[in-house]
$ cat target37.pdb   # PDB, C-alpha atoms
MODEL        1
ATOM      1  CA  MET A   1      18.517   0.564  14.538
ATOM      2  CA  SER A   2      20.293  -1.797  12.142
ATOM      3  CA  ARG A   3      22.490  -1.155   9.136
ATOM      4  CA  TYR A   4      21.255  -2.826   5.950
ATOM      5  CA  LEU A   5      22.663  -3.475   2.524
ATOM      6  CA  VAL A   6      19.775  -3.766   0.077
ATOM      7  CA  THR A   7      20.822  -4.903  -3.391
ATOM      8  CA  GLY A   8      18.454  -4.030  -6.211
ATOM      9  CA  ALA A   9      17.364  -0.937  -4.270
ATOM     10  CA  ALA A  10      16.190   0.833  -7.443
ATOM     11  CA  GLY A  11      14.086  -2.188  -8.366
ATOM     12  CA  PHE A  12      10.423  -2.754  -7.598
ATOM     13  CA  ILE A  13      10.636  -4.689  -4.319
ATOM     14  CA  GLY A  14      13.960  -3.159  -3.280
ATOM     15  CA  PHE A  15      12.529   0.357  -3.498
ATOM     16  CA  HIS A  16       9.515  -0.474  -1.318
ATOM     17  CA  LEU A  17      11.664  -2.393   1.173
ATOM     18  CA  THR A  18      14.149   0.458   1.482
ATOM     19  CA  GLN A  19      11.331   2.919   2.168
ATOM     20  CA  ARG A  20       9.956   0.749   4.951
ATOM     21  CA  LEU A  21      13.367   0.202   6.561
ATOM     22  CA  LEU A  22      14.059   3.948   6.533
ATOM     23  CA  ASP A  23      10.587   4.630   7.953
ATOM     24  CA  ARG A  24      11.361   2.485  11.004
ATOM     25  CA  GLY A  25      14.741   4.158  11.563
ATOM     26  CA  ASP A  26      17.190   1.715   9.991
ATOM     27  CA  GLU A  27      20.175   2.839   7.934
ATOM     28  CA  VAL A  28      20.266   1.543   4.350
ATOM     29  CA  VAL A  29      23.007   1.366   1.766
ATOM     30  CA  GLY A  30      21.217   0.760  -1.533
ATOM     31  CA  LEU A  31      23.017  -0.928  -4.411
ATOM     32  CA  ASP A  32      21.868  -1.232  -8.025
ATOM     33  CA  ASN A  33      23.532  -1.417 -11.434
ATOM     34  CA  LEU A  34      20.629   0.428 -13.133
ATOM     35  CA  ASN A  35      20.677  -1.891 -16.139
ATOM     36  CA  ASP A  36      18.339  -1.442 -19.086
ATOM     37  CA  TYR A  37      16.354  -4.710 -18.818
ATOM     38  CA  TYR A  38      13.406  -2.326 -18.527
ATOM     39  CA  ARG A  39      13.211   1.455 -18.743
ATOM     40  CA  VAL A  40      15.918   3.020 -16.597
ATOM     41  CA  GLN A  41      13.886   6.176 -15.970
ATOM     42  CA  LEU A  42      11.481   4.228 -13.772
ATOM     43  CA  LYS A  43      14.411   3.079 -11.645
ATOM     44  CA  LEU A  44      15.732   6.631 -11.428
ATOM     45  CA  ASP A  45      12.301   7.905 -10.413
ATOM     46  CA  ARG A  46      12.154   5.330  -7.621
ATOM     47  CA  LEU A  47      15.592   6.432  -6.469
ATOM     48  CA  GLY A  48      14.402  10.033  -6.527
ATOM     49  CA  HIS A  49      12.007   9.192  -3.693
ATOM     50  CA  LEU A  50      14.868   7.739  -1.631
ATOM     51  CA  THR A  51      17.680  10.179  -2.308
ATOM     52  CA  GLY A  52      18.119  12.715   0.446
ATOM     53  CA  ARG A  53      16.327  10.680   3.093
ATOM     54  CA  ASP A  54      18.106  10.374   6.430
ATOM     55  CA  GLY A  55      20.013   7.125   6.680
ATOM     56  CA  PHE A  56      20.095   6.369   2.951
ATOM     57  CA  SER A  57      23.070   6.220   0.617
ATOM     58  CA  PHE A  58      23.293   4.744  -2.872
ATOM     59  CA  LEU A  59      25.974   2.936  -4.852
ATOM     60  CA  GLU A  60      25.754   2.174  -8.559
ATOM     61  CA  LEU A  61      27.537  -1.159  -8.661
ATOM     62  CA  ASN A  62      27.270  -4.530 -10.418
ATOM     63  CA  LEU A  63      27.079  -7.614  -8.201
ATOM     64  CA  ALA A  64      29.194  -9.507 -10.719
ATOM     65  CA  ASP A  65      32.097  -7.065 -10.204
ATOM     66  CA  ARG A  66      34.146  -9.203  -7.839
ATOM     67  CA  ASP A  67      36.714  -6.576  -6.872
ATOM     68  CA  ALA A  68      34.139  -3.848  -6.273
ATOM     69  CA  MET A  69      32.005  -6.157  -4.131
ATOM     70  CA  LYS A  70      35.026  -7.232  -2.101
ATOM     71  CA  LYS A  71      35.933  -3.600  -1.491
ATOM     72  CA  LEU A  72      32.352  -2.752  -0.485
ATOM     73  CA  PHE A  73      32.294  -5.370   2.261
ATOM     74  CA  GLU A  74      35.806  -4.431   3.395
ATOM     75  CA  THR A  75      34.970  -0.742   3.787
ATOM     76  CA  GLU A  76      31.364  -0.990   5.029
ATOM     77  CA  GLN A  77      29.874  -2.898   7.943
ATOM     78  CA  PHE A  78      26.355  -4.321   7.646
ATOM     79  CA  ASP A  79      24.176  -6.022  10.229
ATOM     80  CA  HIS A  80      21.819  -7.418   7.595
ATOM     81  CA  VAL A  81      21.978  -7.964   3.850
ATOM     82  CA  VAL A  82      18.850  -8.356   1.707
ATOM     83  CA  ASN A  83      19.793  -9.511  -1.774
ATOM     84  CA  LEU A  84      17.043  -8.604  -4.250
ATOM     85  CA  ALA A  85      19.279  -7.777  -7.209
ATOM     86  CA  ALA A  86      18.945 -10.346  -9.973
ATOM     87  CA  GLN A  87      18.293 -10.729 -13.646
ATOM     88  CA  ALA A  88      14.547 -11.270 -13.638
ATOM     89  CA  GLY A  89      12.119 -12.719 -16.147
ATOM     90  CA  VAL A  90      11.408 -16.257 -17.319
ATOM     91  CA  ARG A  91      10.976 -15.494 -21.033
ATOM     92  CA  TYR A  92      14.046 -13.255 -21.226
ATOM     93  CA  SER A  93      16.155 -16.160 -19.933
ATOM     94  CA  LEU A  94      15.353 -18.131 -23.082
ATOM     95  CA  THR A  95      17.279 -15.685 -25.259
ATOM     96  CA  ASN A  96      19.769 -14.089 -22.842
ATOM     97  CA  PRO A  97      21.088 -16.919 -20.657
ATOM     98  CA  HIS A  98      24.453 -15.349 -19.850
ATOM     99  CA  ALA A  99      22.797 -12.390 -18.122
ATOM    100  CA  TYR A 100      21.393 -14.854 -15.577
ATOM    101  CA  VAL A 101      24.738 -16.528 -14.976
ATOM    102  CA  ASP A 102      26.438 -13.176 -14.382
ATOM    103  CA  ALA A 103      23.840 -11.600 -12.086
ATOM    104  CA  ASN A 104      22.216 -14.567 -10.380
ATOM    105  CA  LEU A 105      25.178 -16.918  -9.958
ATOM    106  CA  THR A 106      28.413 -14.927 -10.096
ATOM    107  CA  GLY A 107      26.765 -11.957  -8.383
ATOM    108  CA  PHE A 108      25.256 -14.117  -5.654
ATOM    109  CA  VAL A 109      28.516 -15.842  -4.762
ATOM    110  CA  ASN A 110      30.103 -12.381  -4.411
ATOM    111  CA  VAL A 111      27.352 -11.477  -1.937
ATOM    112  CA  LEU A 112      27.884 -14.732  -0.017
ATOM    113  CA  GLU A 113      31.625 -14.161   0.150
ATOM    114  CA  GLY A 114      31.140 -10.597   1.361
ATOM    115  CA  CYS A 115      28.733 -11.698   4.092
ATOM    116  CA  ARG A 116      31.003 -14.545   5.141
ATOM    117  CA  HIS A 117      34.101 -12.405   5.561
ATOM    118  CA  SER A 118      32.483  -9.369   7.173
ATOM    119  CA  GLY A 119      30.410 -10.944   9.930
ATOM    120  CA  VAL A 120      26.937 -10.156   8.558
ATOM    121  CA  LYS A 121      24.318 -11.389  11.036
ATOM    122  CA  HIS A 122      21.791 -12.565   8.445
ATOM    123  CA  LEU A 123      21.548 -12.789   4.666
ATOM    124  CA  THR A 124      17.990 -12.743   3.319
ATOM    125  CA  TYR A 125      17.687 -13.281  -0.427
ATOM    126  CA  ALA A 126      15.045 -13.467  -3.134
ATOM    127  CA  SER A 127      14.265 -16.868  -4.523
ATOM    128  CA  SER A 128      11.151 -17.434  -6.638
ATOM    129  CA  SER A 129       8.039 -19.556  -7.005
ATOM    130  CA  SER A 130       9.498 -20.547 -10.378
ATOM    131  CA  VAL A 131      11.711 -23.101  -8.580
ATOM    132  CA  TYR A 132       8.664 -25.377  -8.327
ATOM    133  CA  GLY A 133       8.959 -25.905 -12.090
ATOM    134  CA  GLY A 134       7.420 -29.215 -13.088
ATOM    135  CA  ASN A 135       5.745 -29.744  -9.698
ATOM    136  CA  THR A 136       1.963 -30.081  -9.891
ATOM    137  CA  THR A 137       1.073 -30.788  -6.238
ATOM    138  CA  MET A 138      -0.861 -27.773  -4.942
ATOM    139  CA  PRO A 139      -0.345 -25.730  -2.902
ATOM    140  CA  PHE A 140       3.411 -25.520  -3.444
ATOM    141  CA  SER A 141       5.174 -26.426  -0.202
ATOM    142  CA  ILE A 142       8.715 -25.578   0.859
ATOM    143  CA  HIS A 143       8.928 -29.156   2.119
ATOM    144  CA  HIS A 144       8.589 -30.547  -1.415
ATOM    145  CA  ASN A 145      11.661 -31.271  -3.505
ATOM    146  CA  VAL A 146      12.166 -28.795  -6.357
ATOM    147  CA  ASP A 147      14.527 -30.552  -8.702
ATOM    148  CA  HIS A 148      12.813 -29.975 -12.056
ATOM    149  CA  PRO A 149      13.110 -26.299 -13.101
ATOM    150  CA  ILE A 150      11.714 -25.480 -16.536
ATOM    151  CA  SER A 151      13.594 -22.221 -17.207
ATOM    152  CA  LEU A 152      17.164 -21.072 -16.665
ATOM    153  CA  TYR A 153      15.833 -18.285 -14.429
ATOM    154  CA  ALA A 154      14.268 -20.926 -12.162
ATOM    155  CA  ALA A 155      17.464 -22.971 -12.214
ATOM    156  CA  THR A 156      19.528 -19.987 -11.031
ATOM    157  CA  LYS A 157      17.093 -19.349  -8.167
ATOM    158  CA  LYS A 158      17.281 -22.999  -7.110
ATOM    159  CA  ALA A 159      21.069 -22.699  -7.349
ATOM    160  CA  ASN A 160      20.945 -19.667  -5.020
ATOM    161  CA  GLU A 161      19.222 -21.784  -2.376
ATOM    162  CA  LEU A 162      21.865 -24.507  -2.723
ATOM    163  CA  MET A 163      24.717 -22.002  -2.582
ATOM    164  CA  ALA A 164      23.249 -20.334   0.497
ATOM    165  CA  HIS A 165      22.919 -23.675   2.266
ATOM    166  CA  THR A 166      26.557 -24.449   1.556
ATOM    167  CA  TYR A 167      27.652 -21.188   3.221
ATOM    168  CA  SER A 168      25.302 -21.767   6.151
ATOM    169  CA  HIS A 169      26.767 -25.266   6.599
ATOM    170  CA  LEU A 170      30.445 -24.454   6.090
ATOM    171  CA  TYR A 171      30.699 -21.038   7.710
ATOM    172  CA  GLY A 172      27.659 -20.759   9.976
ATOM    173  CA  LEU A 173      26.281 -17.839   7.952
ATOM    174  CA  PRO A 174      22.539 -17.501   8.710
ATOM    175  CA  THR A 175      20.659 -17.402   5.395
ATOM    176  CA  THR A 176      16.975 -17.294   4.480
ATOM    177  CA  GLY A 177      15.565 -17.642   0.968
ATOM    178  CA  LEU A 178      12.167 -16.199   0.095
ATOM    179  CA  ARG A 179      10.167 -17.692  -2.759
ATOM    180  CA  PHE A 180       8.131 -14.755  -4.056
ATOM    181  CA  PHE A 181       4.836 -15.412  -5.837
ATOM    182  CA  THR A 182       3.930 -12.970  -8.674
ATOM    183  CA  VAL A 183       4.495  -9.626  -6.954
ATOM    184  CA  TYR A 184       2.488  -6.602  -8.131
ATOM    185  CA  GLY A 185       1.639  -3.080  -6.989
ATOM    186  CA  PRO A 186       2.621   0.594  -7.399
ATOM    187  CA  TRP A 187       6.022   1.219  -9.010
ATOM    188  CA  GLY A 188       5.865  -2.312 -10.457
ATOM    189  CA  ARG A 189       7.957  -3.760 -13.258
ATOM    190  CA  PRO A 190       6.873  -2.857 -16.813
ATOM    191  CA  ASP A 191       7.500  -6.414 -18.022
ATOM    192  CA  MET A 192       4.888  -7.887 -15.685
ATOM    193  CA  ALA A 193       1.357  -8.745 -16.833
ATOM    194  CA  LEU A 194      -0.545  -6.120 -14.804
ATOM    195  CA  PHE A 195       1.656  -3.278 -16.081
ATOM    196  CA  LEU A 196       1.560  -4.545 -19.682
ATOM    197  CA  PHE A 197      -2.221  -5.004 -19.581
ATOM    198  CA  THR A 198      -2.833  -1.535 -18.147
ATOM    199  CA  GLU A 199      -0.553   0.104 -20.693
ATOM    200  CA  ALA A 200      -2.190  -1.697 -23.631
ATOM    201  CA  ILE A 201      -5.817  -1.189 -22.510
ATOM    202  CA  LEU A 202      -5.344   2.545 -22.014
ATOM    203  CA  ALA A 203      -3.675   2.771 -25.432
ATOM    204  CA  GLY A 204      -6.521   0.851 -27.092
ATOM    205  CA  LYS A 205      -4.225  -2.037 -28.018
ATOM    206  CA  PRO A 206      -4.919  -5.777 -27.596
ATOM    207  CA  ILE A 207      -3.448  -7.667 -24.643
ATOM    208  CA  ASN A 208      -1.752 -11.052 -25.020
ATOM    209  CA  VAL A 209      -3.494 -13.624 -22.818
ATOM    210  CA  PHE A 210      -1.307 -16.728 -22.601
ATOM    211  CA  ASN A 211      -2.518 -20.313 -22.221
ATOM    212  CA  ASN A 212      -5.829 -19.000 -23.600
ATOM    213  CA  GLY A 213      -6.528 -17.401 -20.251
ATOM    214  CA  LYS A 214      -6.301 -20.670 -18.309
ATOM    215  CA  MET A 215      -3.579 -19.412 -15.982
ATOM    216  CA  ARG A 216      -3.828 -19.119 -12.206
ATOM    217  CA  ARG A 217      -1.391 -17.028 -10.212
ATOM    218  CA  ASP A 218      -0.921 -16.385  -6.507
ATOM    219  CA  PHE A 219      -0.722 -12.605  -7.050
ATOM    220  CA  THR A 220       0.925 -11.016  -3.999
ATOM    221  CA  TYR A 221       0.745  -7.302  -3.239
ATOM    222  CA  VAL A 222       4.113  -5.631  -2.746
ATOM    223  CA  ASP A 223       3.352  -4.284   0.755
ATOM    224  CA  ASP A 224       2.681  -7.851   1.895
ATOM    225  CA  ILE A 225       5.966  -8.974   0.372
ATOM    226  CA  VAL A 226       7.884  -6.207   2.158
ATOM    227  CA  GLU A 227       6.252  -6.987   5.505
ATOM    228  CA  GLY A 228       7.262 -10.603   5.077
ATOM    229  CA  VAL A 229      10.844  -9.710   4.107
ATOM    230  CA  ILE A 230      11.294  -7.477   7.161
ATOM    231  CA  ARG A 231       9.849 -10.001   9.588
ATOM    232  CA  VAL A 232      11.994 -12.772   8.157
ATOM    233  CA  SER A 233      15.128 -10.612   8.172
ATOM    234  CA  ASP A 234      14.549  -9.835  11.850
ATOM    235  CA  ASN A 235      14.116 -13.561  12.571
ATOM    236  CA  ILE A 236      17.671 -14.913  12.338
ATOM    237  CA  PRO A 237      17.587 -18.678  11.706
ATOM    238  CA  THR A 238      19.325 -21.309  13.750
ATOM    239  CA  GLY A 239      19.817 -24.962  12.977
ATOM    240  CA  ASN A 240      16.753 -27.174  13.101
ATOM    241  CA  PRO A 241      17.402 -29.677  15.953
ATOM    242  CA  ASP A 242      14.890 -32.099  14.438
ATOM    243  CA  TRP A 243      16.491 -32.151  11.004
ATOM    244  CA  SER A 244      17.397 -35.679   9.937
ATOM    245  CA  SER A 245      19.843 -36.749   7.265
ATOM    246  CA  ASP A 246      17.795 -39.931   6.839
ATOM    247  CA  LYS A 247      14.721 -37.898   5.821
ATOM    248  CA  PRO A 248      16.115 -34.481   4.930
ATOM    249  CA  ASP A 249      13.653 -31.581   4.976
ATOM    250  CA  PRO A 250      14.403 -29.296   1.978
ATOM    251  CA  ALA A 251      13.172 -26.173   3.817
ATOM    252  CA  THR A 252      15.433 -26.404   6.866
ATOM    253  CA  SER A 253      18.795 -27.800   7.904
ATOM    254  CA  ALA A 254      21.046 -28.596  10.815
ATOM    255  CA  ALA A 255      22.764 -25.398   9.644
ATOM    256  CA  PRO A 256      21.255 -21.890  10.181
ATOM    257  CA  TYR A 257      19.268 -22.033   6.932
ATOM    258  CA  ARG A 258      15.610 -21.506   6.027
ATOM    259  CA  VAL A 259      13.405 -21.184   2.951
ATOM    260  CA  TYR A 260       9.887 -19.681   2.971
ATOM    261  CA  ASN A 261       7.089 -19.071   0.496
ATOM    262  CA  ILE A 262       5.632 -15.568   0.433
ATOM    263  CA  GLY A 263       2.390 -15.708  -1.516
ATOM    264  CA  ASN A 264      -1.177 -14.576  -1.091
ATOM    265  CA  ASN A 265      -2.368 -18.176  -0.610
ATOM    266  CA  GLN A 266      -5.350 -17.354  -2.867
ATOM    267  CA  PRO A 267      -4.712 -18.138  -6.550
ATOM    268  CA  VAL A 268      -6.521 -15.867  -9.009
ATOM    269  CA  GLU A 269      -7.501 -16.825 -12.548
ATOM    270  CA  LEU A 270      -5.908 -14.587 -15.154
ATOM    271  CA  MET A 271      -9.296 -13.752 -16.636
ATOM    272  CA  HIS A 272     -10.514 -12.537 -13.220
ATOM    273  CA  LEU A 273      -7.468 -10.273 -12.908
ATOM    274  CA  ILE A 274      -8.348  -8.796 -16.309
ATOM    275  CA  GLU A 275     -11.963  -8.261 -15.254
ATOM    276  CA  VAL A 276     -10.871  -6.425 -12.080
ATOM    277  CA  LEU A 277      -8.467  -4.294 -14.106
ATOM    278  CA  GLU A 278     -11.182  -3.446 -16.651
ATOM    279  CA  ARG A 279     -13.465  -2.241 -13.848
ATOM    280  CA  CYS A 280     -10.713  -0.094 -12.326
ATOM    281  CA  LEU A 281      -9.867   1.461 -15.695
ATOM    282  CA  GLY A 282     -13.477   1.753 -16.849
ATOM    283  CA  LYS A 283     -12.466   0.257 -20.169
ATOM    284  CA  LYS A 284     -12.719  -3.175 -21.793
ATOM    285  CA  ALA A 285      -9.669  -5.046 -23.030
ATOM    286  CA  GLU A 286      -9.291  -6.458 -26.502
ATOM    287  CA  LYS A 287      -7.867  -9.928 -25.875
ATOM    288  CA  ASN A 288      -5.424 -11.831 -28.047
ATOM    289  CA  PHE A 289      -5.571 -15.432 -26.777
ATOM    290  CA  MET A 290      -2.280 -17.312 -27.146
ATOM    291  CA  GLU A 291      -0.723 -20.677 -26.295
ATOM    292  CA  MET A 292       1.391 -21.300 -23.194
ATOM    293  CA  GLN A 293       4.866 -19.807 -23.504
ATOM    294  CA  PRO A 294       8.016 -21.922 -22.982
ATOM    295  CA  GLY A 295       9.197 -21.771 -19.370
ATOM    296  CA  ASP A 296       5.794 -20.762 -17.970
ATOM    297  CA  VAL A 297       3.719 -22.854 -15.565
ATOM    298  CA  PRO A 298      -0.099 -23.015 -15.655
ATOM    299  CA  ALA A 299      -0.632 -22.264 -11.963
ATOM    300  CA  THR A 300       1.073 -21.144  -8.759
ATOM    301  CA  TYR A 301      -0.286 -21.453  -5.228
ATOM    302  CA  ALA A 302       1.740 -20.884  -2.061
ATOM    303  CA  ASP A 303       1.560 -22.867   1.158
ATOM    304  CA  VAL A 304       2.549 -20.227   3.757
ATOM    305  CA  ASP A 305       1.995 -22.209   6.955
ATOM    306  CA  ASP A 306       5.680 -22.053   7.921
ATOM    307  CA  LEU A 307       5.804 -18.288   7.404
ATOM    308  CA  ILE A 308       2.756 -17.856   9.650
ATOM    309  CA  ARG A 309       4.205 -20.135  12.328
ATOM    310  CA  ASP A 310       7.700 -18.620  12.424
ATOM    311  CA  VAL A 311       7.085 -14.884  11.926
ATOM    312  CA  GLY A 312       3.350 -14.508  12.543
ATOM    313  CA  PHE A 313       2.474 -13.089   9.143
ATOM    314  CA  LYS A 314       0.360 -14.044   6.150
ATOM    315  CA  PRO A 315      -0.187 -11.872   3.026
ATOM    316  CA  SER A 316      -3.804 -10.731   2.889
ATOM    317  CA  THR A 317      -4.317  -7.907   0.359
ATOM    318  CA  SER A 318      -7.152  -8.830  -2.019
ATOM    319  CA  ILE A 319      -6.676  -8.630  -5.773
ATOM    320  CA  GLU A 320      -9.450  -5.994  -5.928
ATOM    321  CA  ASP A 321      -7.698  -3.679  -3.456
ATOM    322  CA  GLY A 322      -4.241  -4.295  -4.875
ATOM    323  CA  VAL A 323      -5.169  -3.677  -8.512
ATOM    324  CA  ALA A 324      -7.069  -0.496  -7.574
ATOM    325  CA  ARG A 325      -3.979   0.852  -5.791
ATOM    326  CA  PHE A 326      -1.803  -0.022  -8.769
ATOM    327  CA  VAL A 327      -4.152   1.738 -11.195
ATOM    328  CA  ASP A 328      -4.245   4.849  -8.982
ATOM    329  CA  TRP A 329      -0.450   4.960  -8.986
ATOM    330  CA  TYR A 330      -0.184   4.238 -12.727
ATOM    331  CA  GLN A 331      -2.559   7.027 -13.701
ATOM    332  CA  SER A 332      -0.830   9.463 -11.364
ATOM    333  CA  TYR A 333       2.664   8.510 -12.548
ATOM    334  CA  HIS A 334       1.724   8.807 -16.222
ATOM    335  CA  SER A 335      -0.485  11.864 -15.846
TER     336      SER A 335
ENDMDL
END

$ encode --input "target37.pdb" --output "C-alpha cells"
Amino acid sequence: MSRYLVTGAAGFIGFHLTQRLLDRGDEVVGLDNLNDYYRVQLKLDRLGHLTGRDGFSFLELNLADRDAMKKLFETEQFDHVVNLAAQAGVRYSLTNPHAYVDANLTGFVNVLEGCRHSGVKHLTYASSSSVYGGNTTMPFSIHHNVDHPISLYAATKKANELMAHTYSHLYGLPTTGLRFFTVYGPWGRPDMALFLFTEAILAGKPINVFNNGKMRRDFTYVDDIVEGVIRVSDNIPTGNPDWSSDKPDPATSAAPYRVYNIGNNQPVELMHLIEVLERCLGKKAEKNFMEMQPGDVPATYADVDDLIRDVGFKPSTSIEDGVARFVDWYQSYHS
C-alpha cells in the first residue's frame, strides 16, 4: 500500500484514477479547488462517489496558494504525487491567460517544492499532446523537439516538463510527464467535443464541426489513461546511462526524468466519431461546419513505443466501445 496525493481529484481523470488507486488498496488524499471553469455540480457528484471510501480524504485547496501547499507537505507524508490539477482548455487560454499562469505555472512550482522538501518518491504529472504544437511529423514522438507551441495552454505544459527536469537534475526528484491525447469517457468534461456533441444532438441543436470536419484525433479512453498513469507511477525513473549531452534526447535525461505519450495510437477522423455517436444515440446530428479555431491543430497521433517498452502497456479501447460506454453513462447521469 502506498500513500498518494492526487491533485485535481474532482476532475475527470483524477476521479477515475482515485477510484482505481482505492480499489487496489492505496490511500489517497485528493485535492481540488472546485473552480467553475465548468459546472461545479459535476465535480461534486464525482466526489460523492469517493467520499466515505476507506483510505480517501479530500482537501479543497488551490495549488497556487503557496502557504497552504507548504503546510500540506509539512503535515502530510506522501509516497507518490500525481499532479492532474491544471487550468485546461486551448480556446479558453486565448481569453483567460492569467488563469493558466496561476494554476499551471505557479501551482506546479508549489507542487515541485513540496515534493522536493518532503521526500516524495515519484512525481507523475499531466502534460499534453498540445505541446507538439507546430510539429507535423506523424506519429508524434517524445524524442522530437517540441519548441513551437501554438497556444498558451500548450506553452504552460511544455514549461511543466522543463520545470520538472530542473528539479530532477538539481535535487534528484524522480519525475515523469505524461502527454495525454484527447481523453474521453464516462464522467468526462463538458467542454470536450464528445460531451458537447451528445448534449446538442439530444437537444435537437446543431453541433459545431471545426476545420470543416477535417480533424483527426487520437481519442483515448479514460480507463486506458488511468492504467497508464498507475503503471508509470509505479515505475520510478532513474537516469538514462546512455543520455548524451552532444545529442540530447528530449524524452530522457542523465537525471531521473521521463516523458511518455499516452494515446490510442489510432487516430480517428472527427466525422467518424460523429457517425459512431449518432448510431449510439439513434439520432442524426445537424452539423454546423466551421473553420479551424486559433490554437487548434489539425491532427494528433501518438507514438507509444516507449510506454510499451518501459511499462508493458498500450491503450486499446476502440472508439466504438468507448463512445458506447460514454453514452450509457450520459443517459444514466441525465436521466

$ residues_around --input "target37.pdb" --residues "range 215-220 of chain A" --least-positions-apart "2" --cutoff "9 Å" --atoms "all atoms listed in the file" --output "PyMOL selection string"
chain A and resi 180-185+209-213+222-225+262-271+292+297-302+315-319+322

$ atom_distance --input "target37.pdb" --atom1 "CA of Val304 in chain A" --atom2 "CA of Thr18 in chain A"
23.8 Å

$ residues_around --input "target37.pdb" --residues "range 282-287 of chain A" --least-positions-apart "4" --cutoff "12 Å" --atoms "only C-alpha atoms" --output "count of residues only"
27

$ atom_distance --input "target37.pdb" --atom1 "CA of Tyr125 in chain A" --atom2 "CA of Gly177 in chain A"
5.0 Å

$ resolve_selection --input "target37.pdb" --expression "the PyMOL selection byres ((chain A and resi 31) around 8)" --output "number ranges by chain"
A: 5-10, 29-30, 32-33, 58-61

$ write_last_selection --input "target37.pdb" --atoms "C-alpha atoms" --output "compact mmCIF listing (two decimals), keeping the file's coordinate frame"
# COMPACT_ATOMS: atom_id res chain seq x y z
CA LEU A 5 22.66 -3.48 2.52
CA VAL A 6 19.77 -3.77 0.08
CA THR A 7 20.82 -4.90 -3.39
CA GLY A 8 18.45 -4.03 -6.21
CA ALA A 9 17.36 -0.94 -4.27
CA ALA A 10 16.19 0.83 -7.44
CA VAL A 29 23.01 1.37 1.77
CA GLY A 30 21.22 0.76 -1.53
CA ASP A 32 21.87 -1.23 -8.02
CA ASN A 33 23.53 -1.42 -11.43
CA PHE A 58 23.29 4.74 -2.87
CA LEU A 59 25.97 2.94 -4.85
CA GLU A 60 25.75 2.17 -8.56
CA LEU A 61 27.54 -1.16 -8.66

$ closest_residue --input "target37.pdb" --among "A:Ser129, A:Asn35, A:Ser168, A:Gln19" --to "Arg116 in chain A" --atoms "all atoms listed in the file"
A:Ser168

$ resolve_selection --input "target37.pdb" --expression "the PyMOL selection byres ((chain A and resi 93-103) around 12)" --output "compact mmCIF listing (two decimals) with C-alpha atoms, keeping the file's coordinate frame"
# COMPACT_ATOMS: atom_id res chain seq x y z
CA THR A 7 20.82 -4.90 -3.39
CA GLY A 8 18.45 -4.03 -6.21
CA ASP A 32 21.87 -1.23 -8.02
CA ASN A 33 23.53 -1.42 -11.43
CA ASN A 35 20.68 -1.89 -16.14
CA ASP A 36 18.34 -1.44 -19.09
CA TYR A 37 16.35 -4.71 -18.82
CA LEU A 61 27.54 -1.16 -8.66
CA ASN A 62 27.27 -4.53 -10.42
CA LEU A 63 27.08 -7.61 -8.20
CA ALA A 64 29.19 -9.51 -10.72
CA ASP A 65 32.10 -7.06 -10.20
CA ARG A 66 34.15 -9.20 -7.84
CA ASN A 83 19.79 -9.51 -1.77
CA LEU A 84 17.04 -8.60 -4.25
CA ALA A 85 19.28 -7.78 -7.21
CA ALA A 86 18.94 -10.35 -9.97
CA GLN A 87 18.29 -10.73 -13.65
CA ALA A 88 14.55 -11.27 -13.64
CA GLY A 89 12.12 -12.72 -16.15
CA VAL A 90 11.41 -16.26 -17.32
CA ARG A 91 10.98 -15.49 -21.03
CA TYR A 92 14.05 -13.26 -21.23
CA ASN A 104 22.22 -14.57 -10.38
CA LEU A 105 25.18 -16.92 -9.96
CA THR A 106 28.41 -14.93 -10.10
CA GLY A 107 26.76 -11.96 -8.38
CA PHE A 108 25.26 -14.12 -5.65
CA VAL A 109 28.52 -15.84 -4.76
CA ASN A 110 30.10 -12.38 -4.41
CA VAL A 111 27.35 -11.48 -1.94
CA ILE A 150 11.71 -25.48 -16.54
CA SER A 151 13.59 -22.22 -17.21
CA LEU A 152 17.16 -21.07 -16.66
CA TYR A 153 15.83 -18.28 -14.43
CA ALA A 154 14.27 -20.93 -12.16
CA ALA A 155 17.46 -22.97 -12.21
CA THR A 156 19.53 -19.99 -11.03
CA LYS A 157 17.09 -19.35 -8.17
CA ALA A 159 21.07 -22.70 -7.35
CA ASN A 160 20.94 -19.67 -5.02
CA GLN A 293 4.87 -19.81 -23.50
CA PRO A 294 8.02 -21.92 -22.98
CA GLY A 295 9.20 -21.77 -19.37
CA ASP A 296 5.79 -20.76 -17.97

$ closest_residue --input "target37.pdb" --among "A:Ala193, A:Val146, A:Cys280, A:Val120" --to "Ala251 in chain A" --atoms "only C-alpha atoms"
A:Val146
